[in-house]
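Have a look at structure-v8.cif; it's mmCIF, C-alpha atoms:
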data_work
#
loop_
_atom_site.group_PDB
_atom_site.id
_atom_site.type_symbol
_atom_site.label_atom_id
_atom_site.label_comp_id
_atom_site.auth_asym_id
_atom_site.auth_seq_id
_atom_site.Cartn_x
_atom_site.Cartn_y
_atom_site.Cartn_z
ATOM 1 C CA PHE A 1 161.488 231.074 160.220
ATOM 2 C CA TRP A 2 161.565 232.353 163.813
ATOM 3 C CA TYR A 3 162.518 235.871 162.767
ATOM 4 C CA VAL A 4 160.014 235.855 159.910
ATOM 5 C CA GLN A 5 157.171 234.863 162.226
ATOM 6 C CA HIS A 6 158.028 237.734 164.555
ATOM 7 C CA GLU A 7 158.076 240.230 161.693
ATOM 8 C CA PHE A 8 154.683 239.067 160.442
ATOM 9 C CA VAL A 9 153.242 239.167 163.952
ATOM 10 C CA MET A 10 154.360 242.793 164.095
ATOM 11 C CA ALA A 11 152.788 243.384 160.670
ATOM 12 C CA GLU A 12 149.501 241.857 161.802
ATOM 13 C CA LYS A 13 149.447 244.261 164.720
ATOM 14 C CA LYS A 14 150.530 247.303 162.736
ATOM 15 C CA LEU A 15 148.590 246.792 159.511
ATOM 16 C CA LEU A 16 145.504 244.935 160.711
ATOM 17 C CA GLY A 17 145.228 246.124 164.311
ATOM 18 C CA ARG A 18 145.234 242.579 165.656
ATOM 19 C CA SER A 19 145.776 241.927 169.345
ATOM 20 C CA ASP A 20 147.752 239.107 170.958
ATOM 21 C CA ASP A 21 144.521 237.093 171.050
ATOM 22 C CA ASP A 22 143.938 237.328 167.291
ATOM 23 C CA LEU A 23 147.310 236.625 165.674
ATOM 24 C CA THR A 24 147.419 234.079 162.838
ATOM 25 C CA ALA A 25 151.140 234.019 161.959
ATOM 26 C CA ARG A 26 152.424 230.476 162.370
ATOM 27 C CA ALA A 27 155.779 228.920 161.537
ATOM 28 C CA GLY A 28 155.637 225.830 159.372
ATOM 29 C CA TYR A 29 156.625 223.996 156.219
ATOM 30 C CA ALA A 30 155.406 223.994 152.610
ATOM 31 C CA GLY A 31 156.469 223.458 149.028
ATOM 32 C CA GLY A 32 157.208 219.730 149.104
ATOM 33 C CA LEU A 33 155.704 217.013 146.965
ATOM 34 C CA SER A 34 155.166 214.487 149.740
ATOM 35 C CA THR A 35 154.426 214.012 153.414
ATOM 36 C CA GLY A 36 155.544 211.440 155.934
ATOM 37 C CA ARG A 37 153.733 208.695 157.787
ATOM 38 C CA ASP A 38 153.837 207.210 161.255
ATOM 39 C CA ALA A 39 152.785 203.559 161.418
ATOM 40 C CA SER A 40 151.186 204.158 164.809
ATOM 41 C CA ARG A 41 148.870 206.802 163.319
ATOM 42 C CA PRO A 42 147.642 205.520 159.952
ATOM 43 C CA GLY A 43 146.183 208.126 157.652
ATOM 44 C CA GLN A 44 147.915 211.076 159.314
ATOM 45 C CA ASN A 45 150.147 213.146 157.044
ATOM 46 C CA LEU A 46 153.225 214.491 158.814
ATOM 47 C CA VAL A 47 155.848 217.112 158.015
ATOM 48 C CA CYS A 48 158.339 217.525 160.841
ATOM 49 C CA TYR A 49 161.515 219.321 161.773
ATOM 50 C CA HIS A 50 164.767 217.362 161.818
ATOM 51 C CA ASN A 51 164.489 214.780 164.596
ATOM 52 C CA LEU A 52 166.343 211.795 166.007
ATOM 53 C CA GLN A 53 163.493 209.494 165.015
ATOM 54 C CA ARG A 54 163.992 210.495 161.373
ATOM 55 C CA LEU A 55 160.249 210.919 161.129
ATOM 56 C CA ALA A 56 158.862 212.902 158.180
ATOM 57 C CA ASP A 57 161.882 215.240 157.957
ATOM 58 C CA TYR A 58 160.691 218.328 156.098
ATOM 59 C CA GLY A 59 163.973 218.803 154.249
ATOM 60 C CA LYS A 60 164.057 215.242 152.967
ATOM 61 C CA LEU A 61 160.416 215.606 151.893
ATOM 62 C CA GLY A 62 161.232 218.694 149.807
ATOM 63 C CA HIS A 63 159.565 221.315 151.973
ATOM 64 C CA GLY A 64 160.884 224.726 152.958
ATOM 65 C CA GLU A 65 160.494 226.782 156.104
ATOM 66 C CA VAL A 66 157.575 229.221 155.831
ATOM 67 C CA VAL A 67 155.253 231.420 157.866
ATOM 68 C CA SER A 68 151.509 231.457 157.242
ATOM 69 C CA VAL A 69 149.293 234.509 157.814
ATOM 70 C CA LEU A 70 145.526 234.183 157.441
ATOM 71 C CA GLY A 71 142.711 236.591 156.700
ATOM 72 C CA VAL A 72 144.682 239.377 155.051
ATOM 73 C CA PRO A 73 142.109 241.642 153.330
ATOM 74 C CA SER A 74 142.621 242.601 149.710
ATOM 75 C CA THR A 75 143.310 246.179 150.720
ATOM 76 C CA ALA A 76 146.314 245.084 152.805
ATOM 77 C CA VAL A 77 147.918 242.588 150.404
ATOM 78 C CA GLY A 78 150.295 245.179 148.983
ATOM 79 C CA ASP A 79 151.349 246.294 152.453
ATOM 80 C CA PHE A 80 152.085 242.716 153.499
ATOM 81 C CA ALA A 81 154.070 242.217 150.295
ATOM 82 C CA SER A 82 156.150 245.232 151.295
ATOM 83 C CA GLU A 83 156.800 243.646 154.685
ATOM 84 C CA PHE A 84 157.862 240.448 152.910
ATOM 85 C CA TYR A 85 160.273 242.466 150.742
ATOM 86 C CA LYS A 86 161.939 243.877 153.864
ATOM 87 C CA LEU A 87 163.077 240.354 154.734
ATOM 88 C CA PHE A 88 165.557 240.417 151.834
ATOM 89 C CA ASP A 89 168.909 242.161 151.783
ATOM 90 C CA ALA A 90 170.063 244.567 149.067
ATOM 91 C CA ARG A 91 171.098 241.626 146.873
ATOM 92 C CA GLY A 92 167.705 239.987 147.063
ATOM 93 C CA ASP A 93 168.897 237.264 149.424
ATOM 94 C CA ARG A 94 167.942 236.085 152.886
ATOM 95 C CA PRO A 95 170.118 237.610 155.608
ATOM 96 C CA ASP A 96 171.316 234.236 156.917
ATOM 97 C CA LYS A 97 173.744 232.908 154.299
ATOM 98 C CA LEU A 98 174.989 230.062 156.501
ATOM 99 C CA ASP A 99 171.774 228.062 156.167
ATOM 100 C CA VAL A 100 172.134 226.558 152.720
ATOM 101 C CA GLY A 101 169.796 224.155 150.965
ATOM 102 C CA PRO A 102 166.313 223.860 149.489
ATOM 103 C CA GLU A 103 164.644 223.975 152.905
ATOM 104 C CA TYR A 104 165.764 227.616 153.203
ATOM 105 C CA ARG A 105 164.620 228.753 149.766
ATOM 106 C CA SER A 106 162.470 231.876 149.396
ATOM 107 C CA ILE A 107 158.813 230.893 149.203
ATOM 108 C CA LEU A 108 155.507 232.701 148.700
ATOM 109 C CA GLY A 109 152.200 230.864 148.978
ATOM 110 C CA LEU A 110 148.996 232.234 147.450
ATOM 111 C CA PRO A 111 145.596 230.761 146.642
ATOM 112 C CA GLY A 112 146.014 230.196 142.904
ATOM 113 C CA GLY A 113 149.771 230.774 142.945
ATOM 114 C CA VAL A 114 150.962 232.966 140.067
ATOM 115 C CA ASP A 115 147.361 232.979 138.772
ATOM 116 C CA SER A 116 146.108 234.660 141.938
ATOM 117 C CA PRO A 117 144.344 237.980 141.297
ATOM 118 C CA HIS A 118 146.694 239.425 143.933
ATOM 119 C CA PHE A 119 149.842 238.310 142.119
ATOM 120 C CA PRO A 120 150.344 241.524 140.082
ATOM 121 C CA THR A 121 149.991 243.634 143.227
ATOM 122 C CA ILE A 122 152.545 241.533 145.064
ATOM 123 C CA GLN A 123 154.932 241.413 142.126
ATOM 124 C CA ALA A 124 154.940 245.209 141.939
ATOM 125 C CA LYS A 125 155.999 245.385 145.582
ATOM 126 C CA LEU A 126 158.992 243.059 145.061
ATOM 127 C CA PRO A 127 161.234 244.919 142.584
ATOM 128 C CA GLY A 128 164.335 243.078 141.488
ATOM 129 C CA LEU A 129 163.008 239.671 142.531
ATOM 130 C CA ASP A 130 162.033 237.000 140.005
ATOM 131 C CA LEU A 131 158.779 235.354 141.080
ATOM 132 C CA LYS A 132 158.549 231.902 139.521
ATOM 133 C CA ALA A 133 155.851 229.245 139.721
ATOM 134 C CA GLY A 134 157.084 226.478 141.982
ATOM 135 C CA ALA A 135 156.709 222.852 140.941
ATOM 136 C CA GLY A 136 157.478 221.423 144.371
ATOM 137 C CA ASN A 137 160.803 220.253 145.818
ATOM 138 C CA ASP A 138 162.408 223.266 144.159
ATOM 139 C CA PRO A 139 166.090 224.208 144.654
ATOM 140 C CA ASP A 140 167.591 226.838 146.900
ATOM 141 C CA THR A 141 167.254 230.466 145.823
ATOM 142 C CA LEU A 142 170.395 231.820 147.471
ATOM 143 C CA GLY A 143 172.217 234.200 145.135
ATOM 144 C CA LYS A 144 169.512 233.954 142.462
ATOM 145 C CA ARG A 145 166.988 236.700 143.427
ATOM 146 C CA VAL A 146 164.257 234.093 142.929
ATOM 147 C CA VAL A 147 161.084 233.521 144.937
ATOM 148 C CA TRP A 148 159.167 230.309 144.341
ATOM 149 C CA VAL A 149 155.415 230.960 144.244
ATOM 150 C CA TYR A 150 153.129 228.087 145.223
ATOM 151 C CA ASP A 151 149.406 227.544 144.913
ATOM 152 C CA THR A 152 148.369 226.888 148.503
ATOM 153 C CA ALA A 153 145.703 224.424 147.343
ATOM 154 C CA ALA A 154 148.331 222.204 145.725
ATOM 155 C CA PHE A 155 151.054 222.911 148.282
ATOM 156 C CA PRO A 156 149.336 223.421 151.636
ATOM 157 C CA PHE A 157 150.868 224.802 154.799
ATOM 158 C CA HIS A 158 151.952 222.337 157.484
ATOM 159 C CA GLN A 159 152.223 223.873 160.936
ATOM 160 C CA ALA A 160 155.569 223.415 162.658
ATOM 161 C CA GLU A 161 155.938 221.965 166.116
ATOM 162 C CA VAL A 162 154.722 224.027 169.070
ATOM 163 C CA TYR A 163 158.246 224.703 170.290
ATOM 164 C CA HIS A 164 159.047 226.511 167.029
ATOM 165 C CA GLN A 165 156.229 229.015 167.494
ATOM 166 C CA PHE A 166 156.943 232.549 168.794
ATOM 167 C CA HIS A 167 160.570 231.558 169.271
ATOM 168 C CA ASP A 168 163.494 233.959 169.598
ATOM 169 C CA GLY A 169 165.411 234.594 166.396
ATOM 170 C CA PHE A 170 168.904 233.388 165.605
ATOM 171 C CA PHE A 171 170.819 236.650 165.257
ATOM 172 C CA PRO A 172 171.842 239.142 167.971
ATOM 173 C CA GLY A 173 168.957 241.446 168.859
ATOM 174 C CA GLU A 174 166.359 238.809 168.077
ATOM 175 C CA ASP A 175 165.734 237.861 171.682
ATOM 176 C CA TYR A 176 162.109 238.885 171.949
ATOM 177 C CA PRO A 177 160.089 239.825 175.044
ATOM 178 C CA ARG A 178 158.961 236.961 177.249
ATOM 179 C CA ALA A 179 155.339 237.933 176.585
ATOM 180 C CA TYR A 180 155.939 237.183 172.895
ATOM 181 C CA ASN A 181 157.532 233.799 173.647
ATOM 182 C CA ASN A 182 154.661 232.925 175.981
ATOM 183 C CA LEU A 183 152.176 233.222 173.134
ATOM 184 C CA ALA A 184 153.027 229.644 172.120
ATOM 185 C CA ALA A 185 151.751 228.257 175.417
ATOM 186 C CA ASP A 186 148.839 230.684 175.467
ATOM 187 C CA TYR A 187 147.638 229.644 172.021
ATOM 188 C CA HIS A 188 148.248 225.975 172.726
ATOM 189 C CA ASP A 189 146.264 226.111 175.956
ATOM 190 C CA ALA A 190 143.457 227.950 174.164
ATOM 191 C CA GLY A 191 143.265 225.274 171.476
ATOM 192 C CA LYS A 192 144.553 227.592 168.751
ATOM 193 C CA LEU A 193 147.949 225.918 168.337
ATOM 194 C CA PRO A 194 147.639 222.134 168.212
ATOM 195 C CA THR A 195 150.437 219.633 168.528
ATOM 196 C CA THR A 196 151.373 218.197 165.158
ATOM 197 C CA GLY A 197 152.079 214.527 165.816
ATOM 198 C CA CYS A 198 155.776 215.219 165.247
ATOM 199 C CA PRO A 199 158.451 214.864 167.947
ATOM 200 C CA ASP A 200 158.036 218.045 169.997
ATOM 201 C CA LEU A 201 159.741 219.582 172.981
ATOM 202 C CA TYR A 202 156.484 221.015 174.286
#

Represent the structure from my file as structure tokens, please.
Amino acid sequence: FWYVQHEFVMAEKKLLGRSDDDLTARAGYAGGLSTGRDASRPGQNLVCYHNLQRLADYGKLGHGEVVSVLGVPSTAVGDFASEFYKLFDARGDRPDKLDVGPEYRSILGLPGGVDSPHFPTIQAKLPGLDLKAGAGNDPDTLGKRVVWVYDTAAFPFHQAEVYHQFHDGFFPGEDYPRAYNNLAADYHDAGKLPTTGCPDLY
């Protein structure tokens, strides 16, 4: 989700005119049917990256890696859907075929899911992809041209750890400017990027 966050940050700037102080794109997890618990923090729901403590592992909880963007006006929904479509290759798959498993499935979250008034607009911008209502803990989409669509009220976004935010991508050419990487600390220090309660390198 590092590369995806960068692409949506660029879309926020290009399509919405947002500055580095106003970006909402955050890496995280969604689409699972459960959350984890930490006995030392009763009542706190956790979804975490893989960790040595085996605490609330997002993959084992059925979640996938996602990026959340907030405050997209209705007039820009189609444009953001087009940016989402650019993330797929010509076969309708994610570029990284080595990451295999449900945690890497293609996911789209909308208020209302497939019943969202924006769904037809988005569907029209994703030709060749089969947008299906997700039930939670859904299987991988690799090789299937499928995107699981979730109602964000039923399947909310869980922010990933601070160290995952504004991170360089995995592939060559995805080493981003230091100013981009520094946004994680800038947002954290400004109170706009909280720690999650998960094991974190920050």

*Using only C-alpha atoms, pick whichever of A:Tyr176, A:Arg91, A:Pro156, A:Glu103 has the shortest atom-to-atom distance to His50 in chain A.*
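Under the stated criterion, the closest residue is A:Glu103.
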
_Selected residue, from A:Ile107, A:Ala124, A:Ala153, A:Val69, that lies nearest to Pro139 in chain A when counting all atoms listed in the file_ =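 Smallest separation from Pro139 in chain A among the options: A:Ile107.
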
*Extract, using only C-alpha atoms, all DNA, RNA and protein residues at most 8 Å from Phe166 in chain A, discarding same-chain residues fewer than 5 positions from it, and format them as a ChimeraX atom specification.*
/A:2,5-6,180-184

*Please provide the set of residues having any atom within 12 Å of Ala25 in chain A, restricted to all atoms listed in the file, with same-chain residues fewer than 3 positions apart removed, written as a VMD selection string.*
chain A and resid 1 to 13 18 20 to 22 28 66 to 72 157 159 to 160 165 to 166 183 to 184 187 192 to 193

*So, counting all atoms listed in the file, which residue among A:Ser82, A:Ser74, A:Ser19, A:Thr196 is closest to Leu126 in chain A?*
A:Ser82

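Across A:Phe84, A:Phe119, A:Tyr150, A:Tyr49, the tightest approach to Asp200 in chain A is made by A:Tyr49 when counting all atoms listed in the file.
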
*Please, what distance in Å, to one decimal, runs between CA of Ala81 in chain A and CA of Glu161 in chain A?*
25.8 Å

*Atom-to-atom span, CA of Ser34 in chain A and CA of Gly197 in chain A, Å*: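 So the answer is 16.4 Å.
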
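CA of Gly62 in chain A to CA of Asp138 in chain A spans 7.4 Å [interatomic distance, one decimal].
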
Write range 19-40 of chain A as a CSV table (one decimal), keeping the file's coordinate frame, completed to N, CA and C atoms.
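What follows is the written file part_26.csv:
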chain,number,residue,atom,x,y,z
A,19,SER,N,145.2,242.0,168.0
A,19,SER,CA,145.8,241.9,169.3
A,19,SER,C,146.5,240.6,169.5
A,20,ASP,N,147.1,240.4,170.7
A,20,ASP,CA,147.8,239.1,171.0
A,20,ASP,C,146.8,237.9,170.9
A,21,ASP,N,145.5,238.2,171.1
A,21,ASP,CA,144.5,237.1,171.0
A,21,ASP,C,144.1,236.7,169.6
A,22,ASP,N,144.5,237.5,168.6
A,22,ASP,CA,143.9,237.3,167.3
A,22,ASP,C,145.0,237.1,166.2
A,23,LEU,N,146.2,236.8,166.6
A,23,LEU,CA,147.3,236.6,165.7
A,23,LEU,C,147.2,235.3,164.9
A,24,THR,N,147.5,235.3,163.6
A,24,THR,CA,147.4,234.1,162.8
A,24,THR,C,148.8,233.6,162.3
A,25,ALA,N,149.8,234.4,162.5
A,25,ALA,CA,151.1,234.0,162.0
A,25,ALA,C,151.6,232.8,162.6
A,26,ARG,N,151.9,231.7,161.9
A,26,ARG,CA,152.4,230.5,162.4
A,26,ARG,C,153.6,230.0,161.5
A,27,ALA,N,154.6,229.5,162.2
A,27,ALA,CA,155.8,228.9,161.5
A,27,ALA,C,155.4,227.5,161.0
A,28,GLY,N,156.0,227.1,159.9
A,28,GLY,CA,155.6,225.8,159.4
A,28,GLY,C,156.5,225.5,158.2
A,29,TYR,N,155.9,224.6,157.4
A,29,TYR,CA,156.6,224.0,156.2
A,29,TYR,C,155.7,223.9,155.0
A,30,ALA,N,156.2,224.1,153.8
A,30,ALA,CA,155.4,224.0,152.6
A,30,ALA,C,156.3,223.9,151.4
A,31,GLY,N,155.7,223.5,150.3
A,31,GLY,CA,156.5,223.5,149.0
A,31,GLY,C,157.0,222.1,148.6
A,32,GLY,N,156.7,221.1,149.4
A,32,GLY,CA,157.2,219.7,149.1
A,32,GLY,C,156.2,218.9,148.4
A,33,LEU,N,156.6,217.9,147.7
A,33,LEU,CA,155.7,217.0,147.0
A,33,LEU,C,155.2,215.8,147.8
A,34,SER,N,155.6,215.6,149.0
A,34,SER,CA,155.2,214.5,149.7
A,34,SER,C,155.1,214.8,151.2
A,35,THR,N,154.5,213.9,152.0
A,35,THR,CA,154.4,214.0,153.4
A,35,THR,C,154.9,212.7,154.0
A,36,GLY,N,155.1,212.7,155.3
A,36,GLY,CA,155.5,211.4,155.9
A,36,GLY,C,154.4,210.7,156.6
A,37,ARG,N,154.7,209.5,157.1
A,37,ARG,CA,153.7,208.7,157.8
A,37,ARG,C,154.3,208.2,159.1
A,38,ASP,N,153.5,207.9,160.0
A,38,ASP,CA,153.8,207.2,161.3
A,38,ASP,C,152.9,206.0,161.4
A,39,ALA,N,153.6,204.8,161.4
A,39,ALA,CA,152.8,203.6,161.4
A,39,ALA,C,151.8,203.5,162.6
A,40,SER,N,152.1,204.2,163.7
A,40,SER,CA,151.2,204.2,164.8
A,40,SER,C,150.0,205.0,164.6
